[in-house]
Amino acid sequence: MTEPRRPRGPVDSSLVPRFAGPATFARLPRLDQVGRADVAVLGVPFDSGVSYRPGARFGPSAVREASRLLRPYHPALDVSPFELAQVADAGDVACNPFDIGQAVETVEHAAGELMDTGARLLTIGGDHTIALPLLRAVARRHGPVALLHFDAHLDTWDTYFGAAYTHGTPFRRAVEEGLLDTEALSHVGTRGPLYGRRDLQDDRRMGFGVVTSADVMRRGVDEIVAALRQRIGDRPLYVSVDIDVLDPAHAPGTGTPEAGGLTSRELLEIMRGLAGTGLVGADVVEVAPAYDHAEITSVAASHVAYDLVSLLALRGAHGTGPALEETP
């Protein structure tokens, strides 16, 4: 007879203080310590696609450090994600910092290999360029996916300085490549000046709906969640979170800050409203710790990542993830 192996959880903080030991995400085991994972947290320290302030290459390590204080029970979702699923830190993808095209290929390959094991990925960036290779890997497994994109910016521009692969272009490329279900695309939290009216026209033509940060303020979280869930339906869903969706008061440590953003509370409440949707993967990007103060940004990002990990664990518990290994 065999019985399911219990997931290996975080280091016990009653035995090892939170400020001691290696900084894996939420002090979880490394992937090589557990062999396989239902949910893998993957770092991509890459920021060669940025158009303004660099530094997001240091985002994965900053978010891991800030995640030391996360605890194993999520009361808002009523779930202990690390008991429900084996969650592990899969380390970082070693990207070429001098060749964007090669880095994109490397991320796509690394994500695909992890997904082939049955893991669902929460990826920590890095700049938003990495969303394109991650979507390629996800679409290869699930087909075109619904996209929920939290960001101050549209990220559907065509090129910068003639470059097709940057942090401002991933979702235009994803539409062009057929990676997205164009009936279920949403931006949330957009705001600030644009290059022209055509930016919005092109975005609508690609199939995106827009929920601005002002919409969230005026309509409230519950109404926004209901509208997003109706748009997503029962499709496989990918969530991409640029931390600059938050107001600079809540996330100063990012490359292209814009005034008038969401609060961290609004973002987390919208995220929790996605429970029960078909979430298949997610990323949290654009944390640039050199511009942070008192870890404000990395703490916010670590909590967003924790909510996404919890949603992925819940999703797997509903029959879509791999079974845990069995031991005699």
# chains A, B, ... in the order shown; residues from 1 in each chain; ligands from 1
>>> residues_around(residues="A:His74", least_positions_apart="5", cutoff="10 Å", atoms="only C-alpha atoms", output="PDB file with N, CA, C and O atoms, in the first residue's frame")
ATOM      1  N   VAL A  79      -7.271  29.137   3.083  1.00  0.00           N
ATOM      2  CA  VAL A  79      -6.486  28.050   2.499  1.00  0.00           C
ATOM      3  C   VAL A  79      -5.079  28.068   3.093  1.00  0.00           C
ATOM      4  O   VAL A  79      -4.528  29.126   3.385  1.00  0.00           O
ATOM      5  N   SER A  80      -4.535  26.866   3.284  1.00  0.00           N
ATOM      6  CA  SER A  80      -3.119  26.702   3.624  1.00  0.00           C
ATOM      7  C   SER A  80      -2.442  26.172   2.367  1.00  0.00           C
ATOM      8  O   SER A  80      -2.378  24.963   2.150  1.00  0.00           O
ATOM      9  N   PRO A  81      -1.977  27.054   1.498  1.00  0.00           N
ATOM     10  CA  PRO A  81      -1.528  26.616   0.175  1.00  0.00           C
ATOM     11  C   PRO A  81      -0.375  25.635   0.203  1.00  0.00           C
ATOM     12  O   PRO A  81      -0.280  24.767  -0.670  1.00  0.00           O
ATOM     13  N   TYR A 306       2.164  35.717  -3.179  1.00  0.00           N
ATOM     14  CA  TYR A 306       1.577  34.741  -2.250  1.00  0.00           C
ATOM     15  C   TYR A 306       0.114  34.479  -2.584  1.00  0.00           C
ATOM     16  O   TYR A 306      -0.357  33.329  -2.564  1.00  0.00           O
ATOM     17  N   ASP A 307      -0.628  35.551  -2.911  1.00  0.00           N
ATOM     18  CA  ASP A 307      -2.022  35.366  -3.300  1.00  0.00           C
ATOM     19  C   ASP A 307      -2.121  34.527  -4.570  1.00  0.00           C
ATOM     20  O   ASP A 307      -2.981  33.643  -4.686  1.00  0.00           O
ATOM     21  N   SER A 310      -1.408  30.950  -3.830  1.00  0.00           N
ATOM     22  CA  SER A 310      -2.570  30.357  -3.155  1.00  0.00           C
ATOM     23  C   SER A 310      -3.664  30.012  -4.150  1.00  0.00           C
ATOM     24  O   SER A 310      -4.291  28.941  -4.066  1.00  0.00           O
TER      25      SER A 310
END
>>> select_by_dssp(residues="stretch 94-168 of chain A", states="alpha helix (DSSP H)", output="PDB file with C-alpha atoms, in the first residue's frame")
ATOM      1  CA  ILE A 100      17.090  40.114 -25.700  1.00  0.00           C
ATOM      2  CA  GLY A 101      16.157  37.562 -28.362  1.00  0.00           C
ATOM      3  CA  GLN A 102      18.307  34.884 -26.797  1.00  0.00           C
ATOM      4  CA  ALA A 103      16.988  35.719 -23.318  1.00  0.00           C
ATOM      5  CA  VAL A 104      13.398  35.361 -24.558  1.00  0.00           C
ATOM      6  CA  GLU A 105      14.214  31.920 -25.965  1.00  0.00           C
ATOM      7  CA  THR A 106      15.911  30.884 -22.720  1.00  0.00           C
ATOM      8  CA  VAL A 107      12.901  31.883 -20.599  1.00  0.00           C
ATOM      9  CA  GLU A 108      10.496  30.089 -22.935  1.00  0.00           C
ATOM     10  CA  HIS A 109      12.574  26.909 -22.789  1.00  0.00           C
ATOM     11  CA  ALA A 110      12.975  27.001 -18.990  1.00  0.00           C
ATOM     12  CA  ALA A 111       9.268  27.647 -18.413  1.00  0.00           C
ATOM     13  CA  GLY A 112       8.300  24.918 -20.846  1.00  0.00           C
ATOM     14  CA  GLU A 113      10.543  22.362 -19.146  1.00  0.00           C
ATOM     15  CA  LEU A 114       9.013  23.120 -15.744  1.00  0.00           C
ATOM     16  CA  MET A 115       5.475  22.987 -17.096  1.00  0.00           C
ATOM     17  CA  ASP A 116       6.219  19.641 -18.736  1.00  0.00           C
ATOM     18  CA  ALA A 131       5.630  37.805 -20.220  1.00  0.00           C
ATOM     19  CA  LEU A 132       5.899  36.917 -23.913  1.00  0.00           C
ATOM     20  CA  PRO A 133       8.017  33.758 -23.540  1.00  0.00           C
ATOM     21  CA  LEU A 134       5.959  32.721 -20.517  1.00  0.00           C
ATOM     22  CA  LEU A 135       2.760  33.055 -22.545  1.00  0.00           C
ATOM     23  CA  ARG A 136       4.315  31.030 -25.345  1.00  0.00           C
ATOM     24  CA  ALA A 137       4.995  28.197 -22.903  1.00  0.00           C
ATOM     25  CA  VAL A 138       1.513  28.440 -21.372  1.00  0.00           C
ATOM     26  CA  ALA A 139      -0.269  28.558 -24.744  1.00  0.00           C
ATOM     27  CA  ARG A 140       1.667  25.537 -25.960  1.00  0.00           C
ATOM     28  CA  ARG A 141       0.110  23.587 -23.090  1.00  0.00           C
ATOM     29  CA  HIS A 142      -3.338  25.158 -22.802  1.00  0.00           C
TER      30      HIS A 142
END
>>> residues_around(residues="stretch 175-181 of chain A", least_positions_apart="2", cutoff="10 Å", atoms="only C-alpha atoms", output="ChimeraX atom specification")
/A:132,135-140,142-147,156,170-173,183-185,206-207,232,235-238
>>> write_last_selection(atoms="C-alpha atoms", output="compact mmCIF listing (two decimals), in the first residue's frame")
# COMPACT_ATOMS: atom_id res chain seq x y z
CA LEU A 132 5.90 36.92 -23.91
CA LEU A 135 2.76 33.06 -22.55
CA ARG A 136 4.31 31.03 -25.35
CA ALA A 137 4.99 28.20 -22.90
CA VAL A 138 1.51 28.44 -21.37
CA ALA A 139 -0.27 28.56 -24.74
CA ARG A 140 1.67 25.54 -25.96
CA HIS A 142 -3.34 25.16 -22.80
CA GLY A 143 -4.00 26.86 -26.13
CA PRO A 144 -4.87 30.56 -26.35
CA VAL A 145 -5.52 31.87 -22.84
CA ALA A 146 -7.52 34.66 -21.26
CA LEU A 147 -5.26 37.42 -19.98
CA THR A 156 0.74 46.78 -26.52
CA PRO A 170 4.87 41.76 -25.05
CA PHE A 171 1.09 41.68 -25.40
CA ARG A 172 1.02 42.97 -28.98
CA ARG A 173 3.46 40.19 -29.88
CA GLU A 183 -12.50 37.54 -26.42
CA ALA A 184 -11.11 37.67 -22.88
CA LEU A 185 -8.34 40.26 -22.56
CA MET A 206 -6.47 43.74 -30.47
CA GLY A 207 -9.43 42.88 -28.23
CA ILE A 232 -12.87 35.54 -18.28
CA ARG A 235 -11.31 29.90 -20.03
CA PRO A 236 -7.75 29.07 -18.94
CA LEU A 237 -6.43 32.28 -17.41
CA TYR A 238 -2.99 33.88 -17.21
>>> select_by_dssp(residues="stretch 52-264 of chain A", states="strand (DSSP E or B)", output="ChimeraX atom specification")
/A:74,79,87-92,120-125,145-150,160,163,180-190,208-212,236-242,246,262
>>> write_last_selection(atoms="C-alpha atoms", output="short mmCIF file (atom, residue, chain, number, x, y, z; two decimals), in the first residue's frame")
data_model
loop_
_atom_site.label_atom_id
_atom_site.label_comp_id
_atom_site.auth_asym_id
_atom_site.auth_seq_id
_atom_site.Cartn_x
_atom_site.Cartn_y
_atom_site.Cartn_z
CA HIS A 74 -4.20 32.59 4.06
CA VAL A 79 -6.49 28.05 2.50
CA VAL A 87 5.12 24.57 -3.66
CA ALA A 88 8.84 24.97 -4.27
CA ASP A 89 11.33 27.62 -5.29
CA ALA A 90 12.71 26.70 -8.71
CA GLY A 91 15.59 29.19 -8.59
CA ASP A 92 16.44 31.64 -11.36
CA ARG A 120 2.07 25.57 -12.58
CA LEU A 121 4.34 28.61 -12.58
CA LEU A 122 4.41 31.81 -10.60
CA THR A 123 7.26 33.78 -12.13
CA ILE A 124 9.00 36.72 -10.48
CA GLY A 125 10.72 39.21 -12.79
CA VAL A 145 -5.52 31.87 -22.84
CA ALA A 146 -7.52 34.66 -21.26
CA LEU A 147 -5.26 37.42 -19.98
CA LEU A 148 -5.72 39.64 -16.95
CA HIS A 149 -3.00 42.29 -17.09
CA PHE A 150 -2.46 44.58 -14.10
CA TYR A 160 10.88 50.95 -29.30
CA ALA A 163 13.12 46.74 -31.23
CA LEU A 180 -4.25 34.93 -26.35
CA ASP A 181 -8.01 34.44 -26.49
CA THR A 182 -8.98 37.84 -27.85
CA GLU A 183 -12.50 37.54 -26.42
CA ALA A 184 -11.11 37.67 -22.88
CA LEU A 185 -8.34 40.26 -22.56
CA SER A 186 -8.33 42.92 -19.85
CA HIS A 187 -6.00 45.62 -18.61
CA VAL A 188 -6.54 46.73 -15.01
CA GLY A 189 -5.08 49.85 -13.41
CA THR A 190 -3.97 51.73 -16.51
CA PHE A 208 -8.44 44.44 -24.91
CA GLY A 209 -10.92 45.84 -22.44
CA VAL A 210 -9.60 48.53 -20.12
CA VAL A 211 -10.32 49.08 -16.43
CA THR A 212 -8.47 52.21 -15.37
CA PRO A 236 -7.75 29.07 -18.94
CA LEU A 237 -6.43 32.28 -17.41
CA TYR A 238 -2.99 33.88 -17.21
CA VAL A 239 -2.44 36.79 -14.80
CA SER A 240 0.41 39.23 -15.36
CA VAL A 241 1.11 41.84 -12.66
CA ASP A 242 3.41 44.77 -13.28
CA LEU A 246 0.24 50.28 -7.68
CA LEU A 262 -4.19 51.29 -7.15
#
>>> closest_residue(among="A:Glu295, A:Asp127, A:Asp203, A:Asp215", to="A:Asp283", atoms="only C-alpha atoms")
A:Asp127
>>> closest_residue(among="A:Asp12, A:Asp47, A:Asp32, A:Asp151", to="A:Leu70", atoms="only C-alpha atoms")
A:Asp12
>>> residues_around(residues="A:Phe58", least_positions_apart="2", cutoff="7 Å", atoms="only C-alpha atoms", output="list in words")
Pro45, Gly55, Ala56, Pro60, Ser61, Ala62, Ala288 and Pro289 of chain A
>>> write_last_selection(atoms="N, CA, C and O atoms", output="compact mmCIF listing (two decimals), in the first residue's frame")
# COMPACT_ATOMS: atom_id res chain seq x y z
N PRO A 45 15.79 37.05 -13.47
CA PRO A 45 16.49 38.31 -13.21
C PRO A 45 16.99 38.96 -14.51
O PRO A 45 18.18 38.95 -14.83
N GLY A 55 17.03 47.99 -13.30
CA GLY A 55 17.16 47.48 -11.94
C GLY A 55 16.25 46.32 -11.60
O GLY A 55 16.39 45.71 -10.54
N ALA A 56 15.29 45.98 -12.50
CA ALA A 56 14.38 44.88 -12.20
C ALA A 56 15.07 43.52 -12.22
O ALA A 56 14.50 42.54 -11.76
N PRO A 60 13.78 39.48 -8.40
CA PRO A 60 13.53 38.17 -7.79
C PRO A 60 14.16 38.02 -6.41
O PRO A 60 13.51 37.52 -5.47
N SER A 61 15.39 38.47 -6.25
CA SER A 61 16.05 38.32 -4.95
C SER A 61 15.40 39.22 -3.91
O SER A 61 15.25 38.83 -2.73
N ALA A 62 14.97 40.42 -4.31
CA ALA A 62 14.32 41.33 -3.36
C ALA A 62 12.97 40.78 -2.90
O ALA A 62 12.61 40.86 -1.73
N ALA A 288 12.01 46.97 -8.90
CA ALA A 288 13.38 47.49 -9.04
C ALA A 288 13.83 48.02 -7.68
O ALA A 288 13.59 49.18 -7.34
N PRO A 289 14.48 47.18 -6.87
CA PRO A 289 14.72 47.53 -5.46
C PRO A 289 15.64 48.74 -5.25
O PRO A 289 15.61 49.34 -4.17
>>> atom_distance(atom1="atom CA of A:Gly261", atom2="atom CA of A:Ile243")
10.2 Å
>>> atom_distance(atom1="atom CA of A:Gln86", atom2="atom CA of A:Gly126")
24.4 Å
>>> closest_residue(among="A:Phe98, A:Ala40, A:Leu268, A:Gly196", to="A:Ala85", atoms="only C-alpha atoms")
A:Ala40
>>> atom_distance(atom1="atom CA of A:Leu69", atom2="atom CA of A:Leu314")
21.4 Å
>>> residues_around(residues="A:Ala23", least_positions_apart="2", cutoff="8 Å", atoms="only C-alpha atoms", output="PyMOL selection string")
chain A and resi 21+25-27+61+64-65+68
>>> write_last_selection(atoms="C-alpha atoms", output="JSON list (two decimals), in the first residue's frame")
[["chain", "number", "residue", "atom", "x", "y", "z"],
["A", 21, "GLY", "CA", 18.81, 30.97, 6.56],
["A", 25, "PHE", "CA", 10.32, 32.32, -1.64],
["A", 26, "ALA", "CA", 8.32, 32.17, 1.62],
["A", 27, "ARG", "CA", 11.18, 30.03, 3.02],
["A", 61, "SER", "CA", 16.05, 38.32, -4.95],
["A", 64, "ARG", "CA", 12.32, 36.49, -1.96],
["A", 65, "GLU", "CA", 13.88, 38.48, 0.89],
["A", 68, "ARG", "CA", 10.39, 35.79, 4.69]]
